[in-house]
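See structure below.
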Amino acid sequence: MKFFPLLFSALAVFLSCKQNTPAAPQVESVTTSDTQLPADFNAFYEKFHKDSVYQMAHISWPLQGDTAEQVDSTHYQKKNIYWEQASWIMHRTVDYSSGDYKRQVQALGDGIVIEFITITAGGYGIERRFAKQPDGEWNMIFYSDMQERGK
């Protein structure tokens, strides 16, 4: 299963590299619930991916999540972890127009948004969860790195 580390590395590099285009492409989302995204979420989401200082300030540290830990040469298992600021790789806007990635978003009321970004060809992807805080600001509250997500 040498394909998995290659996919993980490719997505990590892709998400950490800043795009040099003058304007980020419009992100088309597939909403998987009957509820539309909260009105202020898209503005937060755009700023979160463009401004590194803003991103770091809008993550609940230490960030709860999970990662894929290699068990043997062909198997991985999920491991619960807490992501730390010191080792955080910035998340940037993904261009979905190529069809290489698929984004699914689910809004749970006005206060929780769950996002899945998968690599179309491989079925691997990430999961992120965002929550509206008591002060009205959005924060990322959960991050699951590159793992098999199903097709």
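In the structure tokens, each chain is lettered A, B, ... as it comes, each chain's residues begin at 1, and ligands are numbered from 1 in order of appearance.
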Sort by chain and increasing residue number a table of all residues of stretch 38-96 of chain A within 10 Å of stretch 141-150 of chain A, each with its closest pair of atoms and their distance in Å to one decimal, counting only C-alpha atoms, and write it as CSV.
residue,atom,partner,partner_atom,distance
A:His58,CA,A:Ile141,CA,8.9
A:Ile59,CA,A:Ile141,CA,6.4
A:Ser60,CA,A:Ile141,CA,5.5
A:Trp61,CA,A:Ile141,CA,8.3
A:Pro62,CA,A:Ile141,CA,9.1
A:Leu63,CA,A:Phe142,CA,6.0
A:Gln64,CA,A:Phe142,CA,5.0
A:Gly65,CA,A:Tyr143,CA,4.7
A:Asp66,CA,A:Ser144,CA,4.8
A:Thr67,CA,A:Asp145,CA,5.4
A:Ala68,CA,A:Gln147,CA,6.2
A:Glu69,CA,A:Gln147,CA,9.7
A:Tyr76,CA,A:Gln147,CA,8.8
A:Gln77,CA,A:Gln147,CA,9.2
A:Lys78,CA,A:Gln147,CA,8.3
A:Lys79,CA,A:Ser144,CA,9.7
A:Asn80,CA,A:Ser144,CA,9.0
A:Ile81,CA,A:Ser144,CA,9.2
A:Tyr82,CA,A:Tyr143,CA,9.0
A:Trp83,CA,A:Tyr143,CA,8.1
Separation of atom CA of A:Ala121 and atom CA of A:Ser97, in Å?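 Spanning atom CA of A:Ala121 to atom CA of A:Ser97 is a straight-line distance of 14.6 Å.
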Nearby residues (only C-alpha atoms) at most 12 Å from A:Asp110, same-chain spacing under 5 positions excluded, as a PyMOL selection string: chain A and resi 35-41+130-133+136+138
Output as number ranges by chain all residues of stretch 20-140 of chain A that backbone DSSP marks as strand (DSSP E or B). A: 30-31, 59-70, 76-83, 101-108, 112-119, 124-132, 138-140
Generate the output file for the selected residues, N, CA and C atoms, as a compact mmCIF listing (two decimals), in the first residue's frame.
# COMPACT_ATOMS: atom_id res chain seq x y z
N VAL A 30 -20.99 20.67 -2.30
CA VAL A 30 -22.14 19.80 -2.31
C VAL A 30 -22.63 19.78 -0.87
N THR A 31 -23.83 20.30 -0.65
CA THR A 31 -24.39 20.30 0.69
C THR A 31 -25.15 19.01 0.87
N ILE A 59 -8.42 28.30 15.30
CA ILE A 59 -8.33 26.86 15.53
C ILE A 59 -8.32 26.67 17.03
N SER A 60 -9.12 25.74 17.51
CA SER A 60 -9.18 25.45 18.95
C SER A 60 -8.01 24.54 19.31
N TRP A 61 -6.96 25.16 19.89
CA TRP A 61 -5.73 24.43 20.24
C TRP A 61 -5.81 23.86 21.64
N PRO A 62 -5.24 22.68 21.88
CA PRO A 62 -4.78 21.72 20.88
C PRO A 62 -5.99 21.18 20.12
N LEU A 63 -5.82 21.00 18.82
CA LEU A 63 -6.92 20.62 17.94
C LEU A 63 -7.15 19.12 17.98
N GLN A 64 -8.35 18.74 18.37
CA GLN A 64 -8.70 17.32 18.42
C GLN A 64 -8.79 16.76 17.01
N GLY A 65 -8.40 15.50 16.84
CA GLY A 65 -8.51 14.88 15.53
C GLY A 65 -8.00 13.46 15.53
N ASP A 66 -7.71 12.98 14.34
CA ASP A 66 -7.11 11.66 14.22
C ASP A 66 -6.20 11.63 13.01
N THR A 67 -5.38 10.60 12.96
CA THR A 67 -4.43 10.41 11.88
C THR A 67 -4.37 8.92 11.56
N ALA A 68 -3.82 8.60 10.42
CA ALA A 68 -3.64 7.20 10.04
C ALA A 68 -2.25 6.77 10.47
N GLU A 69 -2.18 5.75 11.29
CA GLU A 69 -0.90 5.24 11.76
C GLU A 69 -0.64 3.89 11.09
N GLN A 70 0.54 3.73 10.51
CA GLN A 70 0.88 2.51 9.81
C GLN A 70 1.08 1.36 10.81
N TYR A 76 -3.23 0.39 7.83
CA TYR A 76 -3.20 1.58 8.66
C TYR A 76 -4.38 1.52 9.61
N GLN A 77 -4.24 2.17 10.74
CA GLN A 77 -5.37 2.28 11.66
C GLN A 77 -5.49 3.72 12.13
N LYS A 78 -6.70 4.10 12.49
CA LYS A 78 -6.94 5.44 12.98
C LYS A 78 -6.38 5.59 14.38
N LYS A 79 -5.75 6.72 14.63
CA LYS A 79 -5.19 7.02 15.95
C LYS A 79 -5.67 8.41 16.36
N ASN A 80 -6.32 8.51 17.51
CA ASN A 80 -6.76 9.80 18.03
C ASN A 80 -5.55 10.61 18.46
N ILE A 81 -5.53 11.88 18.07
CA ILE A 81 -4.41 12.75 18.43
C ILE A 81 -4.92 14.15 18.70
N TYR A 82 -4.02 14.99 19.17
CA TYR A 82 -4.26 16.43 19.30
C TYR A 82 -3.18 17.13 18.49
N TRP A 83 -3.61 17.88 17.48
CA TRP A 83 -2.68 18.63 16.64
C TRP A 83 -2.20 19.84 17.43
N TYR A 101 -10.58 16.78 -6.93
CA TYR A 101 -11.03 16.78 -5.55
C TYR A 101 -12.53 17.01 -5.50
N LYS A 102 -13.15 16.44 -4.47
CA LYS A 102 -14.59 16.61 -4.26
C LYS A 102 -14.79 17.12 -2.84
N ARG A 103 -15.64 18.10 -2.70
CA ARG A 103 -15.92 18.67 -1.39
C ARG A 103 -17.38 18.42 -1.04
N GLN A 104 -17.59 17.87 0.14
CA GLN A 104 -18.94 17.70 0.66
C GLN A 104 -19.02 18.44 1.98
N VAL A 105 -20.11 19.17 2.15
CA VAL A 105 -20.29 19.98 3.34
C VAL A 105 -21.65 19.66 3.94
N GLN A 106 -21.66 19.52 5.26
CA GLN A 106 -22.90 19.28 5.97
C GLN A 106 -23.02 20.29 7.09
N ALA A 107 -24.11 21.03 7.10
CA ALA A 107 -24.36 21.98 8.17
C ALA A 107 -25.31 21.34 9.17
N LEU A 108 -24.91 21.37 10.44
CA LEU A 108 -25.76 20.89 11.51
C LEU A 108 -26.29 22.11 12.25
N ILE A 112 -22.59 24.26 13.53
CA ILE A 112 -21.58 23.24 13.22
C ILE A 112 -21.58 23.00 11.71
N VAL A 113 -20.38 22.96 11.12
CA VAL A 113 -20.21 22.61 9.71
C VAL A 113 -19.15 21.52 9.63
N ILE A 114 -19.50 20.43 8.95
CA ILE A 114 -18.57 19.32 8.74
C ILE A 114 -18.23 19.28 7.26
N GLU A 115 -16.93 19.19 6.96
CA GLU A 115 -16.46 19.22 5.58
C GLU A 115 -15.60 17.98 5.31
N PHE A 116 -15.84 17.36 4.16
CA PHE A 116 -15.03 16.25 3.67
C PHE A 116 -14.45 16.66 2.34
N ILE A 117 -13.13 16.55 2.19
CA ILE A 117 -12.47 16.79 0.91
C ILE A 117 -11.79 15.48 0.53
N THR A 118 -12.19 14.92 -0.62
CA THR A 118 -11.63 13.64 -1.04
C THR A 118 -10.95 13.77 -2.40
N ILE A 119 -9.94 12.94 -2.60
CA ILE A 119 -9.29 12.83 -3.90
C ILE A 119 -10.18 11.91 -4.72
N TYR A 124 -9.35 8.76 -0.95
CA TYR A 124 -8.71 9.23 0.27
C TYR A 124 -9.06 10.69 0.47
N GLY A 125 -9.12 11.11 1.73
CA GLY A 125 -9.45 12.50 1.95
C GLY A 125 -9.29 12.90 3.40
N ILE A 126 -9.71 14.13 3.66
CA ILE A 126 -9.61 14.71 5.00
C ILE A 126 -11.01 15.07 5.48
N GLU A 127 -11.14 15.25 6.78
CA GLU A 127 -12.38 15.72 7.39
C GLU A 127 -12.02 16.88 8.31
N ARG A 128 -12.82 17.94 8.21
CA ARG A 128 -12.65 19.07 9.12
C ARG A 128 -14.01 19.44 9.69
N ARG A 129 -14.00 19.89 10.94
CA ARG A 129 -15.24 20.33 11.58
C ARG A 129 -15.01 21.74 12.12
N PHE A 130 -16.02 22.56 11.91
CA PHE A 130 -15.98 23.94 12.34
C PHE A 130 -17.18 24.21 13.24
N ALA A 131 -17.00 25.03 14.26
CA ALA A 131 -18.09 25.37 15.17
C ALA A 131 -18.09 26.86 15.45
N LYS A 132 -19.30 27.39 15.56
CA LYS A 132 -19.45 28.80 15.92
C LYS A 132 -19.29 28.91 17.43
N TRP A 138 -16.14 31.75 14.14
CA TRP A 138 -16.01 30.35 13.76
C TRP A 138 -14.61 29.86 14.10
N ASN A 139 -14.50 28.61 14.54
CA ASN A 139 -13.21 27.95 14.80
C ASN A 139 -13.24 26.56 14.20
N MET A 140 -12.04 26.09 13.76
CA MET A 140 -11.91 24.68 13.42
C MET A 140 -11.76 23.94 14.74
What gap, in Å, lies between atom CA of A:Gly109 and atom CA of A:Met90?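 Those two atoms sit 27.2 Å apart.
Separating atom CA of A:Glu137 from atom CA of A:Phe44 is a distance of 8.3 Å.
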Using only C-alpha atoms, can you tell me which of A:Glu84, A:Asp100, A:Phe48, A:Pro134 comes closest to A:Gly122?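 Of A:Glu84, A:Asp100, A:Phe48, A:Pro134, the one nearest A:Gly122 is A:Asp100, counting only C-alpha atoms.
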